[in-house]
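Listing of my_file_37.txt; format and content: compact mmCIF, C-alpha atoms.
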```txt
# COMPACT_ATOMS: atom_id res chain seq x y z
CA MET V 14 -35.04 -7.34 -50.96
CA ALA V 15 -37.49 -9.43 -52.95
CA GLY V 16 -38.28 -12.74 -51.37
CA ALA V 17 -36.80 -11.88 -47.97
CA THR V 18 -38.65 -13.32 -45.01
CA LEU V 19 -37.88 -12.54 -41.41
CA SER V 20 -39.17 -14.63 -38.57
CA ALA V 21 -39.69 -14.35 -34.86
CA THR V 22 -41.76 -16.27 -32.36
CA LEU V 23 -43.63 -14.96 -29.38
CA PRO V 24 -41.43 -15.25 -26.30
CA ALA V 25 -42.31 -17.43 -23.38
CA GLN V 26 -44.26 -15.53 -20.77
CA ASN V 27 -41.40 -15.77 -18.26
CA SER V 28 -38.87 -14.16 -20.63
CA GLN V 29 -38.24 -10.52 -21.41
CA PRO V 30 -39.79 -9.54 -24.75
CA VAL V 31 -38.44 -6.93 -27.13
CA ILE V 32 -41.22 -4.67 -28.40
CA LEU V 33 -40.75 -2.28 -31.30
CA VAL V 34 -43.21 0.62 -31.60
CA PHE V 35 -43.22 2.15 -35.09
CA ASP V 36 -44.66 5.39 -36.43
CA SER V 37 -43.96 7.96 -39.12
CA GLY V 38 -42.99 10.43 -36.42
CA LEU V 39 -43.67 11.12 -32.76
CA GLY V 40 -47.34 10.18 -32.52
CA GLY V 41 -46.54 6.61 -31.54
CA LEU V 42 -45.13 7.90 -28.26
CA THR V 43 -48.71 7.97 -26.98
CA VAL V 44 -48.99 4.26 -27.78
CA LEU V 45 -45.55 3.51 -26.34
CA GLU V 46 -46.62 5.02 -23.03
CA GLN V 47 -49.67 2.76 -22.74
CA VAL V 48 -47.83 -0.39 -23.83
CA ARG V 49 -45.01 0.28 -21.35
CA ARG V 50 -47.56 0.56 -18.55
CA ALA V 51 -48.88 -2.86 -19.51
CA ARG V 52 -45.44 -4.52 -19.83
CA PRO V 53 -42.93 -2.35 -17.96
CA ASP V 54 -40.45 -5.22 -17.93
CA ALA V 55 -40.06 -5.34 -21.73
CA ALA V 56 -37.20 -3.94 -23.77
CA TYR V 57 -38.48 -1.15 -26.03
CA VAL V 58 -37.35 0.36 -29.31
CA TYR V 59 -39.28 3.35 -30.58
CA ALA V 60 -38.77 3.79 -34.32
CA ALA V 61 -39.80 6.99 -36.10
CA ASP V 62 -39.62 7.03 -39.89
CA ASP V 63 -39.25 10.80 -39.84
CA ALA V 64 -37.36 10.81 -43.15
CA ALA V 65 -40.72 10.04 -44.79
CA PHE V 66 -42.98 12.13 -42.51
CA PRO V 67 -45.81 12.77 -43.17
CA TYR V 68 -46.96 9.47 -44.65
CA GLY V 69 -50.05 11.14 -46.07
CA ALA V 70 -47.86 12.83 -48.65
CA LEU V 71 -46.93 9.47 -50.23
CA THR V 72 -48.93 7.52 -52.77
CA GLU V 73 -50.34 4.27 -51.45
CA ASP V 74 -47.93 2.12 -53.48
CA ARG V 75 -44.95 4.14 -52.35
CA LEU V 76 -46.08 4.07 -48.74
CA VAL V 77 -46.38 0.28 -48.76
CA ALA V 78 -42.92 -0.08 -50.30
CA ARG V 79 -41.45 2.41 -47.85
CA VAL V 80 -42.82 0.78 -44.71
CA ILE V 81 -41.81 -2.70 -45.85
CA ALA V 82 -38.26 -1.51 -46.60
CA VAL V 83 -37.86 0.30 -43.29
CA MET V 84 -39.42 -2.56 -41.34
CA GLU V 85 -37.08 -5.08 -42.92
CA ARG V 86 -34.09 -3.12 -41.69
CA LEU V 87 -35.56 -2.61 -38.23
CA LEU V 88 -36.36 -6.30 -37.82
CA LEU V 89 -32.86 -7.29 -38.83
CA ARG V 90 -31.25 -4.71 -36.57
CA HIS V 91 -33.38 -5.03 -33.43
CA ALA V 92 -34.99 -8.50 -33.65
CA PRO V 93 -38.22 -7.58 -31.84
CA ASP V 94 -40.61 -10.23 -30.62
CA LEU V 95 -43.57 -8.03 -31.52
CA VAL V 96 -44.09 -4.85 -33.53
CA VAL V 97 -46.75 -2.25 -32.84
CA ILE V 98 -47.64 -0.18 -35.91
CA ALA V 99 -48.65 2.96 -34.03
CA CYS V 100 -49.83 4.82 -37.10
CA ASN V 101 -53.36 4.82 -38.50
CA THR V 102 -52.19 5.51 -42.04
CA ALA V 103 -49.76 2.59 -42.05
CA SER V 104 -52.11 0.28 -40.17
CA THR V 105 -55.05 0.78 -42.50
CA LEU V 106 -52.94 0.33 -45.61
CA VAL V 107 -49.75 -1.64 -44.95
CA LEU V 108 -50.56 -4.20 -42.24
CA PRO V 109 -51.72 -6.94 -44.65
CA ALA V 110 -48.49 -6.64 -46.64
CA LEU V 111 -46.36 -6.70 -43.48
CA ARG V 112 -48.10 -9.79 -42.16
CA GLN V 113 -47.71 -11.54 -45.48
CA ARG V 114 -44.01 -10.76 -45.75
CA PHE V 115 -42.79 -11.17 -42.16
CA VAL V 116 -43.49 -13.78 -39.51
CA THR V 117 -42.98 -11.31 -36.66
CA PRO V 118 -46.36 -10.54 -35.06
CA PHE V 119 -47.78 -7.08 -35.81
CA VAL V 120 -50.37 -5.12 -33.83
CA GLY V 121 -52.01 -2.20 -35.60
CA VAL V 122 -54.16 0.75 -34.64
CA VAL V 123 -57.74 1.04 -35.88
CA PRO V 124 -59.95 4.15 -35.88
CA PRO V 125 -62.03 3.63 -32.70
CA ILE V 126 -65.45 3.80 -34.36
CA LYS V 127 -66.85 0.74 -32.59
CA PRO V 128 -66.23 2.00 -29.03
CA ALA V 129 -67.45 5.45 -30.05
CA ALA V 130 -70.76 4.02 -31.22
CA ALA V 131 -71.10 2.19 -27.92
CA LEU V 132 -70.44 5.35 -25.88
CA THR V 133 -72.42 8.02 -27.70
CA ARG V 134 -75.79 9.06 -26.38
CA THR V 135 -76.62 11.71 -28.95
CA ARG V 136 -75.61 9.42 -31.89
CA LEU V 137 -73.43 12.26 -33.18
CA ILE V 138 -69.82 11.11 -33.54
CA SER V 139 -66.81 12.77 -35.11
CA LEU V 140 -63.69 11.06 -36.43
CA LEU V 141 -60.62 13.30 -36.33
CA ALA V 142 -57.88 11.89 -38.54
CA THR V 143 -55.48 12.68 -41.33
CA PRO V 144 -56.99 13.27 -44.79
CA GLY V 145 -55.65 9.90 -45.93
CA THR V 146 -57.34 7.97 -43.12
CA VAL V 147 -60.60 9.84 -43.67
CA ALA V 148 -60.57 8.99 -47.39
CA ARG V 149 -59.64 5.33 -47.03
CA ALA V 150 -62.26 2.66 -47.72
CA TYR V 151 -61.21 0.86 -44.55
CA THR V 152 -62.46 3.79 -42.46
CA HIS V 153 -65.76 4.02 -44.33
CA ASP V 154 -66.30 0.29 -43.85
CA LEU V 155 -65.80 0.68 -40.09
CA VAL V 156 -68.42 3.42 -40.01
CA ALA V 157 -70.88 1.33 -42.03
CA ASN V 158 -70.32 -1.81 -39.95
CA PHE V 159 -70.27 -0.34 -36.44
CA ALA V 160 -71.93 3.08 -36.52
CA GLY V 161 -74.71 2.71 -39.04
CA ASP V 162 -77.25 4.29 -36.68
CA CYS V 163 -75.01 7.30 -35.96
CA ALA V 164 -74.30 10.50 -37.81
CA VAL V 165 -70.52 10.34 -38.21
CA THR V 166 -68.62 13.48 -39.20
CA LEU V 167 -65.25 12.69 -40.82
CA VAL V 168 -62.73 15.47 -40.22
CA GLY V 169 -59.45 15.26 -42.12
CA SER V 170 -56.85 17.54 -40.54
CA LYS V 171 -53.89 18.50 -42.68
CA ASN V 172 -51.98 20.19 -39.87
CA LEU V 173 -52.51 18.60 -36.46
CA ALA V 174 -49.82 15.92 -36.79
CA GLY V 175 -47.30 18.60 -37.71
CA TYR V 176 -48.49 20.76 -34.82
CA ALA V 177 -47.93 17.87 -32.41
CA GLU V 178 -44.41 17.38 -33.76
CA ALA V 179 -43.71 21.10 -33.39
CA GLU V 180 -44.93 21.16 -29.79
CA MET V 181 -42.69 18.21 -28.91
CA ALA V 182 -39.73 20.06 -30.42
CA GLY V 183 -40.38 23.15 -28.32
CA GLU V 184 -42.14 25.19 -31.02
CA PRO V 185 -45.52 26.22 -29.53
CA VAL V 186 -48.58 26.38 -31.77
CA THR V 187 -51.28 28.98 -31.15
CA ASP V 188 -54.66 28.11 -29.70
CA ALA V 189 -56.31 29.62 -32.76
CA ALA V 190 -54.44 27.27 -35.09
CA ILE V 191 -55.43 24.20 -33.11
CA LEU V 192 -59.04 25.31 -32.68
CA ALA V 193 -59.37 25.78 -36.44
CA GLU V 194 -58.46 22.11 -36.92
CA ILE V 195 -60.81 20.64 -34.32
CA ALA V 196 -63.78 22.99 -34.76
CA PRO V 197 -65.41 20.89 -37.55
CA CYS V 198 -65.71 18.01 -35.09
CA PHE V 199 -68.37 19.87 -33.11
CA VAL V 200 -71.75 19.49 -34.76
CA GLU V 201 -75.16 20.57 -33.53
CA GLY V 202 -78.17 18.73 -34.91
CA PRO V 203 -81.53 20.33 -35.76
CA ASP V 204 -83.01 18.85 -32.59
CA GLY V 205 -80.38 20.49 -30.40
CA ALA V 206 -78.28 17.34 -30.04
CA ARG V 207 -74.53 17.82 -30.10
CA THR V 208 -71.50 15.74 -30.90
CA ASP V 209 -70.57 13.93 -27.71
CA VAL V 210 -67.74 11.59 -28.82
CA VAL V 211 -64.65 12.37 -30.89
CA CYS V 212 -62.38 9.56 -32.11
CA LEU V 213 -58.70 10.49 -32.19
CA SER V 214 -57.67 8.54 -35.26
CA CYS V 215 -54.08 9.68 -35.54
CA THR V 216 -51.68 8.72 -32.77
CA HIS V 217 -50.18 12.21 -32.86
CA TYR V 218 -53.41 13.77 -31.65
CA PRO V 219 -53.36 12.61 -28.01
CA LEU V 220 -50.13 14.59 -27.66
CA LEU V 221 -52.36 17.65 -27.98
CA LEU V 222 -55.29 16.33 -25.95
CA PRO V 223 -54.98 18.83 -23.07
CA ARG V 224 -55.23 21.62 -25.65
CA PHE V 225 -58.24 19.97 -27.31
CA GLU V 226 -60.04 19.65 -23.98
CA ARG V 227 -59.40 23.28 -23.10
CA LEU V 228 -60.38 24.66 -26.50
CA ALA V 229 -63.44 22.48 -27.18
CA PRO V 230 -66.68 24.52 -27.43
CA TRP V 231 -68.39 21.93 -25.20
CA PRO V 232 -67.29 18.80 -23.33
CA VAL V 233 -67.01 15.57 -25.30
CA THR V 234 -65.50 12.13 -24.77
CA TRP V 235 -62.20 11.88 -26.62
CA ILE V 236 -61.31 8.28 -27.51
CA ASP V 237 -57.61 7.44 -27.64
CA PRO V 238 -57.01 3.99 -29.20
CA ALA V 239 -53.71 3.47 -27.34
CA PRO V 240 -55.17 1.59 -24.32
CA ALA V 241 -56.83 -0.91 -26.68
CA ILE V 242 -53.48 -1.50 -28.39
CA ALA V 243 -51.86 -2.17 -25.02
CA ARG V 244 -54.56 -4.72 -24.22
CA ARG V 245 -53.90 -6.49 -27.51
CA VAL V 246 -50.18 -6.64 -26.75
CA ILE V 247 -50.97 -8.31 -23.42
CA GLN V 248 -53.20 -10.82 -25.22
CA LEU V 249 -50.27 -11.81 -27.42
CA LEU V 250 -47.39 -11.64 -24.94
CA GLY V 251 -49.14 -12.36 -21.66
CA GLU V 252 -49.02 -10.42 -18.43
CA MET V 253 -45.74 -9.41 -16.85
CA PRO V 254 -44.33 -12.39 -14.92
CA ALA V 255 -44.14 -12.16 -11.15
CA HIS V 256 -40.34 -12.23 -11.14
CA ALA V 257 -39.67 -10.06 -14.17
CA LEU V 258 -36.24 -8.75 -15.01
CA ASP V 259 -35.58 -5.04 -14.81
CA ALA V 260 -36.25 -3.39 -18.16
CA PRO V 261 -33.21 -2.10 -20.05
CA PRO V 262 -33.15 1.56 -21.14
CA ALA V 263 -35.52 2.24 -24.03
CA CYS V 264 -34.12 3.81 -27.18
CA ALA V 265 -35.50 5.95 -29.98
CA VAL V 266 -34.49 5.38 -33.59
CA PHE V 267 -34.98 7.99 -36.32
CA THR V 268 -34.57 7.37 -40.05
CA GLY V 269 -33.83 11.03 -40.71
CA GLY V 270 -33.20 13.03 -37.58
CA ALA V 271 -33.58 16.46 -39.18
CA GLY V 272 -35.97 17.60 -36.43
CA LEU V 273 -33.86 16.46 -33.51
CA ASN V 274 -32.95 19.35 -31.24
CA PRO V 275 -32.27 19.78 -27.51
CA ALA V 276 -35.94 20.47 -26.73
CA LEU V 277 -37.06 17.29 -28.48
CA GLY V 278 -34.28 15.36 -26.77
CA ARG V 279 -35.59 16.50 -23.39
CA SER V 280 -39.13 15.53 -24.40
CA LEU V 281 -37.95 12.06 -25.33
CA GLU V 282 -36.05 11.68 -22.08
CA ARG V 283 -39.14 12.65 -20.10
CA ARG V 284 -40.90 9.79 -21.85
CA GLY V 285 -38.23 7.33 -20.84
CA LEU V 286 -36.23 7.25 -24.07
CA SER V 287 -32.74 7.76 -22.74
CA GLU V 288 -30.91 6.96 -25.97
CA THR V 289 -31.53 8.41 -29.42
CA VAL V 290 -29.87 7.08 -32.56
CA ILE V 291 -30.17 7.81 -36.27
CA GLU V 292 -30.32 4.90 -38.66
CA ALA V 293 -30.34 6.93 -41.84
CA MET V 294 -32.76 5.81 -44.52
CA PRO V 295 -33.54 8.65 -46.89
CA LEU V 296 -36.87 8.55 -48.64
CA THR V 297 -35.09 8.57 -52.00
CA LEU V 298 -33.86 5.02 -51.33
CA CYS V 299 -37.37 3.57 -51.51
```
Structure re-expressed in structure tokens:
Amino acid sequence: MAGATLSATLPAQNSQPVILVFDSGLGGLTVLEQVRRARPDAAYVYAADDAAFPYGALTEDRLVARVIAVMERLLLRHAPDLVVIACNTASTLVLPALRQRFVTPFVGVVPPIKPAAALTRTRLISLLATPGTVARAYTHDLVANFAGDCAVTLVGSKNLAGYAEAEMAGEPVTDAAILAEIAPCFVEGPDGARTDVVCLSCTHYPLLLPRFERLAPWPVTWIDPAPAIARRVIQLLGEMPAHALDAPPACAVFTGGAGLNPALGRSLERRGLSETVIEAMPLTLC
């Protein structure tokens, strides 16, 4: 695939764009929901690279190669006008390579440190993310640049993304298991101040937000980056035209499909994904 370049131009505002939302698994569904609210007329493809889930298990070099290879196939197959990388791990690591290789516009997701710093009153913020996102220099730079006057607790959860996937597939996770993952986010300072803002820096986590809110030891503001992504999509594509065409059925694409079961199928249908297909791409091919 060396040297391949794919191109696409932003559609005219009175046409019907094709938007591809990409994630390692099901977390990007939270982003898809917000983007669809912003442009309900668009044609949507939701692509889950579940054959390589979780991305945090891959080395950085292998992750970059994997996402580029999968994206090349998806662009050729579905010809989107815009791609949303609805994955913090991929966005913080692979976006520069994607933008260099492909002309198709990409929108990524960024840990919402800047809005958290603007919202907090106690200056105690927590960032809940995967271990890879927590460790990445990109995340530490965001903290230094936008939250230098805050005490930021970085919490790398090894299990929450998997828990969200399990819940979607009809396999309930106990409250105790979820509480163990979010408990480090809640910090009390020596002056009695408490964490008051938690950044959800993995798109899987909003799938569990009702559980987080119920289990939290005290109320906090949970920041979901999905609405900001939807706003960026509108900046690039424009608002929905007054006489928009009816949107075609949205479809979900899986590169593995091992976790597909009737319960997950029903969950996808409830989210407006009426068609599910497998475009097999085993991890061993990359």
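The closest residue to Ala70 in chain V, picked from V:Gly202, V:Pro144, V:Ala130, V:Val34 and counting all atoms listed in the file, is V:Pro144.
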Option closest in space to Val48 in chain V, from V:Pro30, V:Pro124, V:Pro203, V:Pro240 [counting all atoms listed in the file]: V:Pro240
Adding 4 Å on each side of the box along x, y and z that holds all listed atoms of range 122-133 of chain V, could you give its centre and edge lengths in Å to one decimal, as JSON?
```
{"center_x": -63.3, "center_y": 4.4, "center_z": -30.9, "size_x": 26.3, "size_y": 15.3, "size_z": 18.0}
```
Grab the CA of Val107 in chain V to CA of Ala78 in chain V distance for me, in Å with one decimal place. 8.8 Å
Have a look at V:Leu87, V:Met181, V:Val147, V:Val44 and name the one nearest to Ala239 in chain V; count all atoms listed in the file.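 Among the listed residues, the smallest separation from Ala239 in chain V belongs to V:Val44.
Rounded to one decimal, CA of Leu222 in chain V and CA of Ala150 in chain V lie 26.6 Å from each other.
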Which value, in Å to one decimal, gives the distance between CA of Ala255 in chain V and CA of Gln47 in chain V? 19.7 Å
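The nearest approach to Ala265 in chain V among the residues V:Val200, V:Ile236, V:Val122, V:Ala61, with only C-alpha atoms taken into account, belongs to V:Ala61.
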Restricting to all atoms listed in the file, whichever of V:Ile191, V:Ile126, V:Pro197, V:Pro261 is closest to Arg227 in chain V is V:Ile191
Selected residue of minimal separation from Leu108 in chain V among V:Ile81, V:Leu39, V:Ile138, V:Ala129, counting all atoms listed in the file: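 Looking at the shortest contact to Leu108 in chain V, the residue is V:Ile81.
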Would you mind listing what lies within 10 Å of Met84 in chain V as an MDAnalysis selection string, with only C-alpha atoms counted and same-chain residues fewer than 3 positions away left out? chainID V and resid 35 60 62 78:81 87:90 96 111 115
Got a sec to check which residues sit within 12 Å of (-66.8, 13.2, -30.2), counting all atoms listed in the file, and write them as a VMD selection string? chain V and resid 125 to 126 128 to 130 132 to 141 163 to 168 195 to 201 207 to 214 225 to 226 229 to 237
Within 12 Å of range 245-251 of chain V, counting all atoms listed in the file, which residues show up once you throw out same-chain ones fewer than 2 positions away? Write them as an MDAnalysis selection string, please. chainID V and resid 22:34 44:45 47:55 94:98 117:123 238:243 253:255
Hey, can you spit out that residue selection with C-alpha atoms as a tab-separated table (two decimals), in the coordinates of the input?
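Heads up, here's the output in part-v5.tsv:
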```
chain	number	residue	atom	x	y	z
V	22	THR	CA	-41.76	-16.27	-32.36
V	23	LEU	CA	-43.63	-14.96	-29.38
V	24	PRO	CA	-41.43	-15.25	-26.30
V	25	ALA	CA	-42.31	-17.43	-23.38
V	26	GLN	CA	-44.26	-15.53	-20.77
V	27	ASN	CA	-41.40	-15.77	-18.26
V	28	SER	CA	-38.87	-14.16	-20.63
V	29	GLN	CA	-38.24	-10.52	-21.41
V	30	PRO	CA	-39.79	-9.54	-24.75
V	31	VAL	CA	-38.44	-6.93	-27.13
V	32	ILE	CA	-41.22	-4.67	-28.40
V	33	LEU	CA	-40.75	-2.28	-31.30
V	34	VAL	CA	-43.21	0.62	-31.60
V	44	VAL	CA	-48.99	4.26	-27.78
V	45	LEU	CA	-45.55	3.51	-26.34
V	47	GLN	CA	-49.67	2.76	-22.74
V	48	VAL	CA	-47.83	-0.39	-23.83
V	49	ARG	CA	-45.01	0.28	-21.35
V	50	ARG	CA	-47.56	0.56	-18.55
V	51	ALA	CA	-48.88	-2.86	-19.51
V	52	ARG	CA	-45.44	-4.52	-19.83
V	53	PRO	CA	-42.93	-2.35	-17.96
V	54	ASP	CA	-40.45	-5.22	-17.93
V	55	ALA	CA	-40.06	-5.34	-21.73
V	94	ASP	CA	-40.61	-10.23	-30.62
V	95	LEU	CA	-43.57	-8.03	-31.52
V	96	VAL	CA	-44.09	-4.85	-33.53
V	97	VAL	CA	-46.75	-2.25	-32.84
V	98	ILE	CA	-47.64	-0.18	-35.91
V	117	THR	CA	-42.98	-11.31	-36.66
V	118	PRO	CA	-46.36	-10.54	-35.06
V	119	PHE	CA	-47.78	-7.08	-35.81
V	120	VAL	CA	-50.37	-5.12	-33.83
V	121	GLY	CA	-52.01	-2.20	-35.60
V	122	VAL	CA	-54.16	0.75	-34.64
V	123	VAL	CA	-57.74	1.04	-35.88
V	238	PRO	CA	-57.01	3.99	-29.20
V	239	ALA	CA	-53.71	3.47	-27.34
V	240	PRO	CA	-55.17	1.59	-24.32
V	241	ALA	CA	-56.83	-0.91	-26.68
V	242	ILE	CA	-53.48	-1.50	-28.39
V	243	ALA	CA	-51.86	-2.17	-25.02
V	253	MET	CA	-45.74	-9.41	-16.85
V	254	PRO	CA	-44.33	-12.39	-14.92
V	255	ALA	CA	-44.14	-12.16	-11.15
```
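Taking all atoms listed in the file, the non-local environment of His217 in chain V within 9 Å (same-chain residues fewer than 2 positions away omitted) comprises Gly38, Leu39, Gly40, Gly41, Leu42, Thr43, Cys100, Leu173, Ala174, Gly175, Tyr176, Ala177, Glu178, Leu213, Ser214, Cys215, Pro219, Leu220 and Leu221 of chain V.
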Restore all heavy atoms in range 261-271 of chain V and list the result as a tab-separated table (two decimals), in the coordinates of the input.
```
chain	number	residue	atom	x	y	z
V	261	PRO	N	-34.36	-2.90	-19.63
V	261	PRO	CA	-33.21	-2.10	-20.05
V	261	PRO	C	-33.67	-0.72	-20.51
V	261	PRO	O	-34.86	-0.51	-20.75
V	261	PRO	CB	-32.64	-2.91	-21.21
V	261	PRO	CG	-33.81	-3.64	-21.77
V	261	PRO	CD	-34.69	-3.95	-20.59
V	262	PRO	N	-32.76	0.24	-20.64
V	262	PRO	CA	-33.15	1.56	-21.14
V	262	PRO	C	-33.79	1.46	-22.52
V	262	PRO	O	-33.35	0.69	-23.37
V	262	PRO	CB	-31.82	2.33	-21.19
V	262	PRO	CG	-30.92	1.61	-20.23
V	262	PRO	CD	-31.32	0.17	-20.31
V	263	ALA	N	-34.87	2.21	-22.73
V	263	ALA	CA	-35.52	2.24	-24.03
V	263	ALA	C	-34.78	3.21	-24.94
V	263	ALA	O	-34.20	4.20	-24.48
V	263	ALA	CB	-36.98	2.66	-23.88
V	264	CYS	N	-34.81	2.93	-26.24
V	264	CYS	CA	-34.12	3.81	-27.18
V	264	CYS	C	-35.06	4.26	-28.28
V	264	CYS	O	-36.06	3.59	-28.58
V	264	CYS	CB	-32.89	3.13	-27.77
V	264	CYS	SG	-33.23	1.84	-28.98
V	265	ALA	N	-34.75	5.40	-28.85
V	265	ALA	CA	-35.50	5.95	-29.98
V	265	ALA	C	-34.62	5.92	-31.22
V	265	ALA	O	-33.45	6.29	-31.17
V	265	ALA	CB	-35.95	7.38	-29.69
V	266	VAL	N	-35.21	5.47	-32.32
V	266	VAL	CA	-34.49	5.38	-33.59
V	266	VAL	C	-35.19	6.27	-34.60
V	266	VAL	O	-36.42	6.20	-34.75
V	266	VAL	CB	-34.48	3.92	-34.10
V	266	VAL	CG1	-33.81	3.83	-35.47
V	266	VAL	CG2	-33.79	3.01	-33.10
V	267	PHE	N	-34.44	7.10	-35.29
V	267	PHE	CA	-34.98	7.99	-36.32
V	267	PHE	C	-34.31	7.66	-37.65
V	267	PHE	O	-33.12	7.42	-37.72
V	267	PHE	CB	-34.73	9.46	-35.97
V	267	PHE	CG	-35.54	9.96	-34.80
V	267	PHE	CD1	-35.12	9.70	-33.50
V	267	PHE	CD2	-36.72	10.65	-35.01
V	267	PHE	CE1	-35.87	10.14	-32.42
V	267	PHE	CE2	-37.47	11.10	-33.93
V	267	PHE	CZ	-37.04	10.84	-32.64
V	268	THR	N	-35.13	7.65	-38.72
V	268	THR	CA	-34.57	7.37	-40.05
V	268	THR	C	-34.03	8.63	-40.72
V	268	THR	O	-33.37	8.53	-41.75
V	268	THR	CB	-35.63	6.73	-40.96
V	268	THR	OG1	-36.73	7.64	-41.11
V	268	THR	CG2	-36.12	5.41	-40.39
V	269	GLY	N	-34.32	9.78	-40.14
V	269	GLY	CA	-33.83	11.03	-40.71
V	269	GLY	C	-33.09	11.86	-39.68
V	269	GLY	O	-31.91	12.14	-39.79
V	270	GLY	N	-33.80	12.28	-38.67
V	270	GLY	CA	-33.20	13.03	-37.58
V	270	GLY	C	-33.11	14.52	-37.80
V	270	GLY	O	-32.54	15.23	-36.96
V	271	ALA	N	-33.70	15.04	-38.89
V	271	ALA	CA	-33.58	16.46	-39.18
V	271	ALA	C	-34.23	17.32	-38.09
V	271	ALA	O	-33.80	18.45	-37.85
V	271	ALA	CB	-34.19	16.78	-40.54
```
